file start.csv (CSV, C-alpha atoms)
chain,number,residue,atom,x,y,z
A,2,MET,CA,0.0,0.0,0.0
A,3,LYS,CA,1.3,3.4,-0.9
A,4,PRO,CA,1.5,6.2,1.7
A,5,SER,CA,-1.2,8.2,-0.1
A,6,ASP,CA,-3.6,5.3,0.2
A,7,PHE,CA,-3.1,5.3,3.9
A,8,ASN,CA,-3.9,9.0,4.1
A,9,LEU,CA,-7.0,8.5,1.9
A,10,GLU,CA,-8.2,5.9,4.3
A,11,LEU,CA,-7.9,8.3,7.3
A,12,VAL,CA,-9.7,11.1,5.4
A,13,ILE,CA,-12.5,8.7,4.3
A,14,GLY,CA,-12.8,7.6,7.9
A,15,ARG,CA,-13.2,11.2,9.0
A,16,VAL,CA,-15.8,12.0,6.3
A,17,LEU,CA,-17.9,8.9,7.2
A,18,ARG,CA,-17.7,9.5,10.9
A,19,THR,CA,-18.8,13.1,10.6
A,20,GLY,CA,-21.6,12.2,8.2
A,21,VAL,CA,-23.1,9.5,10.4
A,22,LEU,CA,-22.8,11.6,13.5
A,23,ALA,CA,-24.4,14.6,11.9
A,24,SER,CA,-27.2,12.5,10.3
A,25,SER,CA,-27.9,10.6,13.6
A,26,ALA,CA,-28.1,13.8,15.5
A,27,CYS,CA,-30.6,15.3,13.1
A,28,LEU,CA,-32.7,12.1,13.1
A,29,LEU,CA,-32.7,11.9,16.9
A,30,LEU,CA,-33.7,15.5,17.2
A,31,GLY,CA,-36.5,14.9,14.6
A,32,LEU,CA,-37.8,11.9,16.5
A,33,LEU,CA,-37.8,13.7,19.8
A,34,LEU,CA,-39.5,16.7,18.3
A,35,THR,CA,-42.2,14.7,16.5
A,36,PRO,CA,-44.8,14.5,19.3
A,37,VAL,CA,-44.5,18.1,20.4
A,38,TRP,CA,-43.6,20.1,17.2
A,39,PRO,CA,-44.4,18.0,14.1
A,40,GLU,CA,-43.5,20.5,11.3
A,41,PRO,CA,-39.9,21.3,12.3
A,42,ALA,CA,-39.5,17.6,13.3
A,43,ARG,CA,-40.2,16.6,9.7
A,44,TRP,CA,-37.6,19.1,8.5
A,45,TRP,CA,-34.9,17.6,10.8
A,46,LEU,CA,-35.9,14.0,9.9
A,47,ASN,CA,-35.5,14.8,6.1
A,48,ALA,CA,-32.3,16.6,6.7
A,49,GLY,CA,-31.0,13.6,8.6
A,50,ILE,CA,-32.0,11.2,5.7
A,51,LEU,CA,-30.4,13.5,3.1
A,52,LEU,CA,-27.2,13.8,5.1
A,53,LEU,CA,-27.1,10.0,5.4
A,54,LEU,CA,-27.6,9.5,1.6
A,55,LEU,CA,-24.9,12.2,1.0
A,56,THR,CA,-22.3,10.6,3.3
A,57,PRO,CA,-21.2,7.7,1.0
A,58,ALA,CA,-21.4,10.0,-2.0
A,59,ALA,CA,-19.1,12.4,-0.2
A,60,ARG,CA,-16.7,9.5,0.4
A,61,VAL,CA,-16.6,8.8,-3.4
A,62,VAL,CA,-16.1,12.5,-4.2
A,63,VAL,CA,-13.1,12.6,-1.8
A,64,SER,CA,-11.6,9.4,-3.3
A,65,PHE,CA,-12.1,10.8,-6.8
A,66,ALA,CA,-10.4,14.0,-6.0
A,67,GLU,CA,-7.5,12.1,-4.4
A,68,TYR,CA,-7.0,9.9,-7.5
A,69,VAL,CA,-7.1,13.0,-9.7
A,70,MET,CA,-4.4,14.6,-7.6
A,71,ILE,CA,-2.1,11.6,-7.6
A,72,ARG,CA,-2.8,11.1,-11.4
A,73,ASP,CA,-4.0,7.6,-11.0
A,74,TRP,CA,-6.3,7.6,-14.0
A,75,PHE,CA,-7.6,4.1,-13.7
A,76,PHE,CA,-9.1,4.7,-10.2
A,77,THR,CA,-10.1,8.3,-11.3
A,78,ALA,CA,-12.2,6.6,-13.9
A,79,ALA,CA,-13.6,3.9,-11.5
A,80,THR,CA,-14.7,6.4,-8.8
A,81,GLY,CA,-16.0,8.8,-11.5
A,82,ILE,CA,-18.2,6.0,-12.9
A,83,VAL,CA,-19.5,5.3,-9.4
A,84,LEU,CA,-20.4,9.0,-9.0
A,85,LEU,CA,-22.2,9.0,-12.3
A,86,GLU,CA,-24.2,5.9,-11.3
A,87,LEU,CA,-25.2,7.5,-8.0
A,88,LEU,CA,-26.2,10.6,-10.0
A,89,ALA,CA,-28.3,8.3,-12.2
A,90,GLY,CA,-30.0,7.0,-9.1
A,91,ALA,CA,-30.8,10.6,-8.0
A,92,VAL,CA,-32.2,11.4,-11.5
A,93,ALA,CA,-34.4,8.3,-11.3
A,94,ALA,CA,-35.5,9.4,-7.8
A,95,LEU,CA,-36.5,12.9,-9.1
A,96,LEU,CA,-38.4,11.3,-12.0
A,97,PHE,CA,-40.3,9.0,-9.5
A,98,HIS,CA,-40.8,12.0,-7.2
A,99,ARG,CA,-42.5,14.1,-10.0
A,100,ARG,CA,-44.9,11.3,-10.7
A,101,ILE,CA,-46.3,11.2,-7.2
B,3,MET,CA,-46.8,7.6,12.8
B,4,THR,CA,-47.3,7.4,16.6
B,5,SER,CA,-44.4,7.6,19.1
B,6,GLY,CA,-45.4,4.0,20.2
B,7,LEU,CA,-44.8,2.6,16.7
B,8,ALA,CA,-41.5,4.6,16.4
B,9,LEU,CA,-40.4,3.0,19.7
B,10,ILE,CA,-41.4,-0.5,18.4
B,11,ILE,CA,-39.4,0.1,15.2
B,12,PHE,CA,-36.4,1.3,17.3
B,13,THR,CA,-36.6,-1.9,19.3
B,14,ALA,CA,-36.9,-4.0,16.1
B,15,GLY,CA,-33.8,-2.1,14.7
B,16,ALA,CA,-31.9,-2.8,17.9
B,17,ALA,CA,-32.7,-6.5,17.8
B,18,ALA,CA,-31.8,-6.8,14.1
B,19,GLY,CA,-28.6,-4.8,14.6
B,20,GLY,CA,-27.6,-6.8,17.6
B,21,LEU,CA,-28.3,-10.1,16.0
B,22,GLY,CA,-26.5,-8.9,12.8
B,23,ALA,CA,-23.4,-7.8,14.7
B,24,ILE,CA,-23.2,-11.1,16.7
B,25,LEU,CA,-23.6,-13.2,13.5
B,26,GLY,CA,-21.3,-11.0,11.4
B,27,LEU,CA,-23.7,-9.7,8.9
B,28,GLY,CA,-25.8,-6.6,8.4
B,29,GLY,CA,-29.1,-6.5,10.3
B,30,GLY,CA,-31.2,-6.0,7.1
B,31,VAL,CA,-31.8,-9.7,6.7
B,32,PHE,CA,-33.7,-9.6,10.0
B,33,LEU,CA,-35.1,-6.0,9.8
B,34,VAL,CA,-36.9,-6.5,6.5
B,35,PRO,CA,-39.0,-9.5,7.8
B,36,LEU,CA,-39.6,-7.7,11.1
B,37,LEU,CA,-41.0,-4.6,9.4
B,38,ASN,CA,-42.8,-6.5,6.6
B,39,LEU,CA,-44.2,-9.6,8.3
B,40,GLY,CA,-44.2,-8.3,11.9
B,41,LEU,CA,-45.3,-4.7,11.6
B,42,GLY,CA,-47.2,-4.9,8.2
B,43,PHE,CA,-45.2,-2.3,6.2
B,44,PRO,CA,-45.1,-2.9,2.5
B,45,ILE,CA,-41.9,-4.7,1.5
B,46,SER,CA,-40.7,-1.7,-0.5
B,47,VAL,CA,-40.9,0.5,2.6
B,48,ALA,CA,-39.3,-2.2,4.7
B,49,ALA,CA,-36.5,-2.5,2.1
B,50,ALA,CA,-36.0,1.3,1.9
B,51,VAL,CA,-35.8,1.7,5.7
B,52,SER,CA,-33.4,-1.3,5.9
B,53,LEU,CA,-31.2,0.2,3.2
B,54,ALA,CA,-30.9,3.4,5.2
B,55,THR,CA,-29.7,1.4,8.2
B,56,VAL,CA,-27.2,-0.4,6.0
B,57,ILE,CA,-25.7,3.0,4.9
B,58,ALA,CA,-25.4,4.1,8.6
B,59,THR,CA,-23.8,0.8,9.7
B,60,SER,CA,-21.4,0.6,6.8
B,61,SER,CA,-20.2,4.2,7.3
B,62,ALA,CA,-19.8,3.7,11.1
B,63,VAL,CA,-17.9,0.4,10.6
B,64,THR,CA,-15.6,1.8,7.9
B,65,ALA,CA,-14.9,4.9,10.0
B,66,GLY,CA,-13.9,2.6,12.9
B,67,LYS,CA,-11.7,0.3,10.8
B,68,ALA,CA,-10.0,2.9,8.5
B,69,GLY,CA,-6.3,2.8,8.7
B,70,LYS,CA,-6.0,-0.8,9.8
B,71,HIS,CA,-5.5,-2.2,6.3
B,72,LEU,CA,-8.1,-4.9,6.6
B,73,MET,CA,-10.4,-3.2,4.2
B,74,ASN,CA,-9.1,-3.2,0.6
B,75,PHE,CA,-10.2,0.3,-0.5
B,76,ARG,CA,-8.9,0.1,-4.0
B,77,PHE,CA,-10.5,-3.3,-4.8
B,78,GLY,CA,-13.7,-2.2,-3.0
B,79,MET,CA,-13.9,1.0,-5.0
B,80,LEU,CA,-13.4,-0.9,-8.3
B,81,LEU,CA,-16.1,-3.4,-7.4
B,82,GLU,CA,-18.4,-0.5,-6.5
B,83,VAL,CA,-18.6,0.3,-10.2
B,84,ALA,CA,-20.6,-3.0,-10.5
B,85,THR,CA,-22.5,-2.9,-7.1
B,86,ALA,CA,-23.7,0.7,-7.6
B,87,ALA,CA,-25.0,-0.1,-11.1
B,88,GLY,CA,-26.8,-3.2,-9.8
B,89,SER,CA,-28.2,-1.2,-6.9
B,90,VAL,CA,-29.6,1.7,-8.9
B,91,LEU,CA,-31.2,-0.8,-11.4
B,92,GLY,CA,-32.5,-2.8,-8.4
B,93,GLY,CA,-34.2,0.3,-6.9
B,94,ILE,CA,-35.9,1.0,-10.2
B,95,THR,CA,-36.9,-2.7,-10.8
B,96,ALA,CA,-38.3,-2.9,-7.3
B,97,GLN,CA,-40.9,-0.3,-8.2
B,98,MET,CA,-42.2,-2.7,-10.9
B,99,LEU,CA,-42.3,-6.0,-9.1
B,100,ALA,CA,-45.2,-7.2,-7.0
B,101,GLN,CA,-44.8,-7.6,-3.2
B,102,ARG,CA,-45.3,-11.4,-3.4
B,103,THR,CA,-42.5,-11.7,-6.0
B,104,LEU,CA,-40.1,-9.8,-3.7
B,105,GLN,CA,-41.1,-12.0,-0.7
B,106,ILE,CA,-40.5,-15.2,-2.7
B,107,LEU,CA,-37.1,-13.8,-3.9
B,108,PHE,CA,-36.2,-12.8,-0.3
B,109,GLY,CA,-37.1,-16.4,0.9
B,110,VAL,CA,-35.0,-18.0,-1.8
B,111,VAL,CA,-32.0,-15.8,-1.2
B,112,THR,CA,-32.0,-16.2,2.6
B,113,GLY,CA,-32.6,-20.0,2.2
B,114,ALA,CA,-29.6,-20.3,-0.1
B,115,VAL,CA,-27.4,-18.3,2.3
B,116,ALA,CA,-28.5,-20.6,5.2
B,117,LEU,CA,-27.4,-23.7,3.1
B,118,ALA,CA,-24.1,-22.0,2.2
B,119,THR,CA,-23.4,-21.2,5.8
B,120,VAL,CA,-24.0,-24.8,7.0
B,121,SER,CA,-21.7,-26.2,4.3
B,122,ARG,CA,-18.9,-23.8,5.3
B,123,VAL,CA,-19.0,-24.3,9.1
B,124,ASN,CA,-15.7,-26.1,9.3
B,125,LYS,CA,-13.8,-24.1,6.6
B,126,ARG,CA,-10.8,-22.1,7.7
B,127,ASN,CA,-8.7,-19.6,5.7
B,128,VAL,CA,-5.4,-20.6,4.2
B,129,ILE,CA,-2.7,-18.3,5.2
B,130,GLN,CA,-0.6,-17.4,2.2
B,131,ASP,CA,3.1,-16.9,1.8
B,132,ALA,CA,3.9,-13.4,3.1
B,133,THR,CA,6.5,-12.8,0.3
B,134,VAL,CA,3.9,-12.8,-2.5
B,135,ASP,CA,3.6,-9.6,-4.4
B,136,PRO,CA,0.0,-8.4,-3.8
B,137,GLY,CA,-0.2,-6.5,-7.2
B,138,VAL,CA,-2.3,-3.4,-7.7
B,139,LEU,CA,-5.6,-4.8,-6.3
B,140,GLY,CA,-4.4,-7.3,-3.7
B,141,GLY,CA,-3.5,-6.4,-0.2
B,142,ARG,CA,-1.8,-7.2,3.0
B,143,PHE,CA,-2.9,-7.0,6.6
B,144,MET,CA,-1.9,-8.3,10.1
B,145,ASP,CA,-4.1,-11.1,11.2
B,146,ASP,CA,-5.0,-10.6,14.9
B,147,GLU,CA,-5.8,-14.2,15.4
B,148,THR,CA,-2.5,-15.7,14.3
B,149,GLY,CA,-0.3,-12.5,14.6
B,150,GLN,CA,1.0,-13.1,11.1
B,151,MET,CA,1.1,-10.9,8.0
B,152,VAL,CA,-1.3,-12.1,5.4
B,153,VAL,CA,-0.7,-11.2,1.7
B,154,TYR,CA,-3.2,-12.0,-1.1
B,155,ARG,CA,-3.6,-11.4,-4.8
B,156,ILE,CA,-6.9,-10.9,-6.4
B,157,LYS,CA,-7.9,-13.6,-8.9
B,158,ARG,CA,-10.8,-13.8,-11.4
B,159,LEU,CA,-11.7,-10.0,-11.5
B,160,PRO,CA,-14.6,-10.5,-14.0
B,161,LEU,CA,-16.2,-13.0,-11.6
B,162,ALA,CA,-15.8,-10.6,-8.7
B,163,LEU,CA,-17.4,-7.8,-10.8
B,164,GLY,CA,-20.3,-10.0,-11.8
B,165,ALA,CA,-21.0,-11.2,-8.3
B,166,SER,CA,-20.8,-7.5,-7.1
B,167,PHE,CA,-23.4,-6.5,-9.7
B,168,VAL,CA,-25.8,-9.3,-8.6
B,169,ALA,CA,-25.1,-8.4,-4.9
B,170,GLY,CA,-25.9,-4.7,-5.6
B,171,ASN,CA,-29.1,-5.7,-7.4
B,172,VAL,CA,-30.3,-8.1,-4.8
B,173,SER,CA,-29.3,-5.6,-2.1
B,174,SER,CA,-31.5,-2.8,-3.2
B,175,LEU,CA,-34.4,-5.1,-4.3
B,176,LEU,CA,-34.6,-6.7,-0.9
B,177,GLY,CA,-33.1,-4.1,1.4
B,178,ILE,CA,-30.1,-6.2,2.6
B,179,GLY,CA,-26.4,-5.3,2.5
B,180,GLY,CA,-25.5,-7.9,-0.2
B,181,GLY,CA,-22.4,-9.1,1.7
B,182,VAL,CA,-24.1,-12.5,1.9
B,183,ILE,CA,-23.5,-12.9,-1.8
B,184,LYS,CA,-20.2,-11.0,-2.3
B,185,VAL,CA,-18.2,-12.4,0.7
B,186,PRO,CA,-18.5,-16.1,-0.2
B,187,VAL,CA,-17.6,-15.5,-3.8
B,188,LEU,CA,-14.6,-13.2,-3.0
B,189,ASN,CA,-13.4,-15.7,-0.4
B,190,ALA,CA,-13.9,-18.9,-2.3
B,191,TRP,CA,-12.9,-17.9,-5.9
B,192,CYS,CA,-11.2,-14.5,-5.9
B,193,GLY,CA,-8.3,-15.2,-3.5
B,194,MET,CA,-9.4,-12.9,-0.7
B,195,PRO,CA,-9.1,-14.1,2.9
B,196,LEU,CA,-12.4,-14.2,4.7
B,197,ARG,CA,-11.8,-11.3,7.1
B,198,ALA,CA,-10.5,-9.0,4.3
B,199,ALA,CA,-13.5,-10.0,2.1
B,200,ALA,CA,-16.0,-9.3,4.9
B,201,ALA,CA,-14.4,-5.9,5.8
B,202,THR,CA,-14.1,-4.8,2.2
B,203,SER,CA,-17.8,-5.8,1.6
B,204,ALA,CA,-18.8,-3.8,4.7
B,205,PHE,CA,-16.9,-0.8,3.2
B,206,MET,CA,-18.7,-1.1,-0.1
B,207,ILE,CA,-22.3,-1.6,1.0
B,208,GLY,CA,-22.6,2.0,2.1
B,209,VAL,CA,-22.3,3.2,-1.5
B,210,THR,CA,-24.2,0.2,-2.8
B,211,ALA,CA,-27.2,0.9,-0.5
B,212,THR,CA,-27.2,4.6,-1.4
B,213,GLY,CA,-27.8,3.8,-5.1
B,214,GLY,CA,-31.0,2.0,-4.2
B,215,ALA,CA,-32.1,4.0,-1.2
B,216,VAL,CA,-32.1,7.3,-3.2
B,217,VAL,CA,-34.6,5.8,-5.7
B,218,TYR,CA,-36.9,4.6,-2.8
B,219,TYR,CA,-36.6,8.0,-1.2
B,220,GLY,CA,-37.6,9.8,-4.3
B,221,ASN,CA,-40.6,7.5,-4.6
B,222,GLY,CA,-41.7,8.3,-1.0
B,223,GLN,CA,-41.0,4.9,0.3
B,224,LEU,CA,-38.1,5.8,2.7
B,225,HIS,CA,-40.4,6.8,5.5
B,226,PRO,CA,-38.4,9.4,7.5
B,227,THR,CA,-39.8,8.6,11.0
B,228,ALA,CA,-39.5,4.8,10.6
B,229,ALA,CA,-36.0,5.2,9.1
B,230,ALA,CA,-34.8,7.4,11.9
B,231,ALA,CA,-36.1,5.0,14.6
B,232,ALA,CA,-34.6,2.0,12.8
B,233,ILE,CA,-31.2,3.7,12.1
B,234,LEU,CA,-30.8,4.7,15.8
B,235,GLY,CA,-32.0,1.3,16.9
B,236,VAL,CA,-29.6,-0.6,14.6
B,237,GLN,CA,-26.7,1.5,15.7
B,238,LEU,CA,-27.4,0.8,19.4
B,239,GLY,CA,-28.0,-2.9,18.7
B,240,SER,CA,-24.8,-3.4,16.7
B,241,TRP,CA,-22.7,-1.6,19.2
B,242,ALA,CA,-24.1,-3.9,21.9
B,243,GLY,CA,-23.9,-7.0,19.7
B,244,LEU,CA,-20.2,-6.4,18.9
B,245,ARG,CA,-19.4,-6.4,22.6
B,246,VAL,CA,-21.2,-9.7,23.2
B,247,SER,CA,-20.0,-11.5,20.0
B,248,SER,CA,-16.3,-11.7,21.0
B,249,ARG,CA,-17.3,-14.1,23.9
B,250,LEU,CA,-19.2,-16.5,21.7
B,251,ARG,CA,-17.9,-19.5,19.7
B,252,VAL,CA,-17.7,-19.1,16.0
B,253,LYS,CA,-19.0,-22.5,15.1
B,254,HIS,CA,-22.1,-22.2,17.3
B,255,LEU,CA,-22.6,-18.7,15.8
B,256,LYS,CA,-22.6,-20.0,12.3
B,257,LEU,CA,-25.1,-22.8,13.1
B,258,LEU,CA,-27.3,-20.2,14.9
B,259,LEU,CA,-27.1,-18.0,11.8
B,260,ALA,CA,-28.1,-20.7,9.5
B,261,LEU,CA,-31.0,-21.7,11.6
B,262,VAL,CA,-32.3,-18.1,11.9
B,263,LEU,CA,-31.8,-17.5,8.2
B,264,ALA,CA,-33.7,-20.6,7.3
B,265,VAL,CA,-36.6,-19.7,9.5
B,266,VAL,CA,-36.7,-16.1,8.2
B,267,GLY,CA,-36.5,-17.4,4.6
B,268,ILE,CA,-39.3,-19.9,5.0
B,269,LEU,CA,-41.6,-17.3,6.6
B,270,MET,CA,-41.0,-14.8,3.8
B,271,PHE,CA,-41.4,-17.5,1.1
B,272,VAL,CA,-44.6,-18.9,2.6
B,273,ARG,CA,-46.1,-15.4,2.8
B,274,GLY,CA,-45.1,-14.8,-0.8
B,275,ILE,CA,-46.8,-17.9,-2.3
B,276,ARG,CA,-50.0,-17.7,-0.2
call {"tool": "encode", "arguments": {"input": "start.csv", "output": "structure tokens"}}
result
Amino acid sequence: MKPSDFNLELVIGRVLRTGVLASSACLLLGLLLTPVWPEPARWWLNAGILLLLLTPAARVVVSFAEYVMIRDWFFTAATGIVLLELLAGAVAALLFHRRI
Amino acid sequence: MTSGLALIIFTAGAAAGGLGAILGLGGGVFLVPLLNLGLGFPISVAAAVSLATVIATSSAVTAGKAGKHLMNFRFGMLLEVATAAGSVLGGITAQMLAQRTLQILFGVVTGAVALATVSRVNKRNVIQDATVDPGVLGGRFMDDETGQMVVYRIKRLPLALGASFVAGNVSSLLGIGGGVIKVPVLNAWCGMPLRAAAATSAFMIGVTATGGAVVYYGNGQLHPTAAAAAILGVQLGSWAGLRVSSRLRVKHLKLLLALVLAVVGILMFVRGIR
């Protein structure tokens, strides 16, 4: 393993930890607020879900940026394709959302 | 949704997460039947909520293990090209399949995993020669059990990619992590030691589950209150489960796993064909 790989692991670890903690905090707040204050509660719950969905995506973005910087084009392409696939999922989500 | 129901989902999540952590797999395989058969949610909602818990668990586990070399990040990111494609397609396909079809599929997959688990109860990993060159995709890590350095090369990349696509697809159709499909293939045919395969799979399933979960979310099936309760429950459950699991015997665990999976699979299958 190259030294840059090790750094990338640590950065990825930090991104994921921050994302899960922030998302869980929003979700907990939303759950606790639901019985007393439903409207803001719903906002916090959706913020928590969106943060959760963005966390792995952020991990792929960070990896993509790292591979661009170390000019590892094979893995730049691989992580880039994964990003496009997640984007395709988001587009499908928007299409389904418009239908309901 | 009432606070009472949220509390029940939280408890179901804790039970599924705890059992999952003890048995070494995600809790989805238990959470989906609990939500679908137990609490009467449509299977698409159960799968969506379960996928959200998979993202949280994968992210938390990866954050905890980052820097310890057990997870093969490069190989994982390459396989994600296949799992994410499978997962997004699975999320779209799930919208077109009937509930009964998905229940039957869930029953068949869990039943097959139960059989595979029983047949591998006595298998151990072969420790390879530490002087092997791991290549671009292989890896090396320190095995805590034996205290030796393990080096491995990746074999049969197309097979690994194919299995990952299927795993991603099944993952988002059924709301499970998909490790149950990838790990045996990576271990048996692609040269990966079991612990590295399991850790790398745990790393990948966060991105995999996101591909499917975002489709369910757009379609209004990722119920925010249910998901919040389940996610917090699963995190508590897996934290507790990991502390218990180190004191249990592996062989007994595998047999318990096979038994539970078989029961879960039969229940879902029977519900699907009725």
call {"tool": "closest_atom_pairs", "arguments": {"input": "start.csv", "of": "chain A", "to": "chain B", "cutoff": "6 Å", "atoms": "only C-alpha atoms", "output": "JSON lines"}}
result
{"residue": "A:Glu10", "atom": "CA", "partner": "B:Ala68", "partner_atom": "CA", "distance": 5.5}
{"residue": "A:Leu11", "atom": "CA", "partner": "B:Gly69", "partner_atom": "CA", "distance": 5.9}
{"residue": "A:Gly14", "atom": "CA", "partner": "B:Ala65", "partner_atom": "CA", "distance": 4.0}
{"residue": "A:Leu17", "atom": "CA", "partner": "B:Ser61", "partner_atom": "CA", "distance": 5.2}
{"residue": "A:Arg18", "atom": "CA", "partner": "B:Ala65", "partner_atom": "CA", "distance": 5.5}
{"residue": "A:Leu28", "atom": "CA", "partner": "B:Ala230", "partner_atom": "CA", "distance": 5.3}
{"residue": "A:Leu46", "atom": "CA", "partner": "B:Pro226", "partner_atom": "CA", "distance": 5.8}
{"residue": "A:Leu54", "atom": "CA", "partner": "B:Thr212", "partner_atom": "CA", "distance": 5.8}
{"residue": "A:Pro57", "atom": "CA", "partner": "B:Val209", "partner_atom": "CA", "distance": 5.3}
{"residue": "A:Ala79", "atom": "CA", "partner": "B:Leu80", "partner_atom": "CA", "distance": 5.8}
{"residue": "A:Val83", "atom": "CA", "partner": "B:Val83", "partner_atom": "CA", "distance": 5.1}
{"residue": "A:Leu87", "atom": "CA", "partner": "B:Gly213", "partner_atom": "CA", "distance": 5.4}
{"residue": "A:Gly90", "atom": "CA", "partner": "B:Val90", "partner_atom": "CA", "distance": 5.3}
{"residue": "A:Ala91", "atom": "CA", "partner": "B:Val216", "partner_atom": "CA", "distance": 6.0}
{"residue": "A:Ala94", "atom": "CA", "partner": "B:Gly220", "partner_atom": "CA", "distance": 4.1}
{"residue": "A:Leu95", "atom": "CA", "partner": "B:Gly220", "partner_atom": "CA", "distance": 5.8}
{"residue": "A:Phe97", "atom": "CA", "partner": "B:Asn221", "partner_atom": "CA", "distance": 5.1}
{"residue": "A:His98", "atom": "CA", "partner": "B:Gly220", "partner_atom": "CA", "distance": 4.8}
call {"tool": "closest_residue", "arguments": {"input": "start.csv", "among": "A:Leu33, A:Leu53, A:Val62, A:Leu88", "to": "Leu53 of chain B", "atoms": "all atoms listed in the file"}}
result
A:Leu53
call {"tool": "residues_near_point", "arguments": {"input": "start.csv", "point": "(-34.4, 17.3, 7.2)", "cutoff": "12 Å", "atoms": "only C-alpha atoms", "output": "list in words"}}
result
Ala23, Ser24, Ser25, Ala26, Cys27, Leu28, Leu29, Leu30, Gly31, Leu32, Glu40, Pro41, Ala42, Arg43, Trp44, Trp45, Leu46, Asn47, Ala48, Gly49, Ile50, Leu51, Leu52, Leu53 and Leu54 of chain A; Pro226, Thr227 and Ala230 of chain B
call {"tool": "atom_distance", "arguments": {"input": "start.csv", "atom1": "atom CA of Trp191 of chain B", "atom2": "atom CA of Lys157 of chain B"}}
result
7.2 Å
call {"tool": "closest_residue", "arguments": {"input": "start.csv", "among": "B:Gly180, B:Gly22, B:Gly6, B:Gly28", "to": "Leu255 of chain B", "atoms": "all atoms listed in the file"}}
result
B:Gly22
call {"tool": "closest_residue", "arguments": {"input": "start.csv", "among": "B:Ala116, B:Ile106, B:Ala17, B:Val153", "to": "Leu72 of chain B", "atoms": "only C-alpha atoms"}}
result
B:Val153
call {"tool": "atom_distance", "arguments": {"input": "start.csv", "atom1": "atom CA of Leu161 of chain B", "atom2": "atom CA of Gly78 of chain B"}}
result
14.0 Å
call {"tool": "residues_around", "arguments": {"input": "start.csv", "residues": "Ser52 of chain B", "least_positions_apart": "2", "cutoff": "8 Å", "atoms": "all atoms listed in the file", "output": "number ranges by chain"}}
result
B: 30, 33-34, 48-50, 54-56, 177-178, 229, 232
call {"tool": "atom_distance", "arguments": {"input": "start.csv", "atom1": "atom CA of Leu263 of chain B", "atom2": "atom CA of Val115 of chain B"}}
result
7.4 Å
call {"tool": "residues_around", "arguments": {"input": "start.csv", "residues": "Gly239 of chain B", "least_positions_apart": "3", "cutoff": "8 Å", "atoms": "all atoms listed in the file", "output": "list in words"}}
result
Gly15, Ala16, Ala17, Ala18, Gly19, Gly20, Leu21, Ala23, Gly235, Val236, Ala242 and Gly243 of chain B
call {"tool": "residues_around", "arguments": {"input": "start.csv", "residues": "Pro35 of chain B", "least_positions_apart": "5", "cutoff": "9 Å", "atoms": "all atoms listed in the file", "output": "PyMOL selection string"}}
result
chain B and resi 30+40-41+45+48+266-267+269-270
call {"tool": "residues_near_point", "arguments": {"input": "start.csv", "point": "(-15.6, 9.9, -0.9)", "cutoff": "10 Å", "atoms": "only C-alpha atoms", "output": "PDB file with C-alpha atoms, keeping the file's coordinate frame"}}
result
ATOM      1  CA  LEU A   9      -7.000   8.500   1.900  1.00  0.00           C
ATOM      2  CA  GLU A  10      -8.200   5.900   4.300  1.00  0.00           C
ATOM      3  CA  VAL A  12      -9.700  11.100   5.400  1.00  0.00           C
ATOM      4  CA  ILE A  13     -12.500   8.700   4.300  1.00  0.00           C
ATOM      5  CA  GLY A  14     -12.800   7.600   7.900  1.00  0.00           C
ATOM      6  CA  VAL A  16     -15.800  12.000   6.300  1.00  0.00           C
ATOM      7  CA  LEU A  17     -17.900   8.900   7.200  1.00  0.00           C
ATOM      8  CA  LEU A  55     -24.900  12.200   1.000  1.00  0.00           C
ATOM      9  CA  THR A  56     -22.300  10.600   3.300  1.00  0.00           C
ATOM     10  CA  PRO A  57     -21.200   7.700   1.000  1.00  0.00           C
ATOM     11  CA  ALA A  58     -21.400  10.000  -2.000  1.00  0.00           C
ATOM     12  CA  ALA A  59     -19.100  12.400  -0.200  1.00  0.00           C
ATOM     13  CA  ARG A  60     -16.700   9.500   0.400  1.00  0.00           C
ATOM     14  CA  VAL A  61     -16.600   8.800  -3.400  1.00  0.00           C
ATOM     15  CA  VAL A  62     -16.100  12.500  -4.200  1.00  0.00           C
ATOM     16  CA  VAL A  63     -13.100  12.600  -1.800  1.00  0.00           C
ATOM     17  CA  SER A  64     -11.600   9.400  -3.300  1.00  0.00           C
ATOM     18  CA  PHE A  65     -12.100  10.800  -6.800  1.00  0.00           C
ATOM     19  CA  ALA A  66     -10.400  14.000  -6.000  1.00  0.00           C
ATOM     20  CA  GLU A  67      -7.500  12.100  -4.400  1.00  0.00           C
ATOM     21  CA  THR A  80     -14.700   6.400  -8.800  1.00  0.00           C
ATOM     22  CA  LEU A  84     -20.400   9.000  -9.000  1.00  0.00           C
TER      23      LEU A  84
ATOM     24  CA  MET B  79     -13.900   1.000  -5.000  1.00  0.00           C
ATOM     25  CA  VAL B 209     -22.300   3.200  -1.500  1.00  0.00           C
TER      26      VAL B 209
END
call {"tool": "closest_residue", "arguments": {"input": "start.csv", "among": "B:Gly149, B:Gly92, B:Ser240, B:Val51", "to": "Phe167 of chain B", "atoms": "all atoms listed in the file"}}
result
B:Gly92
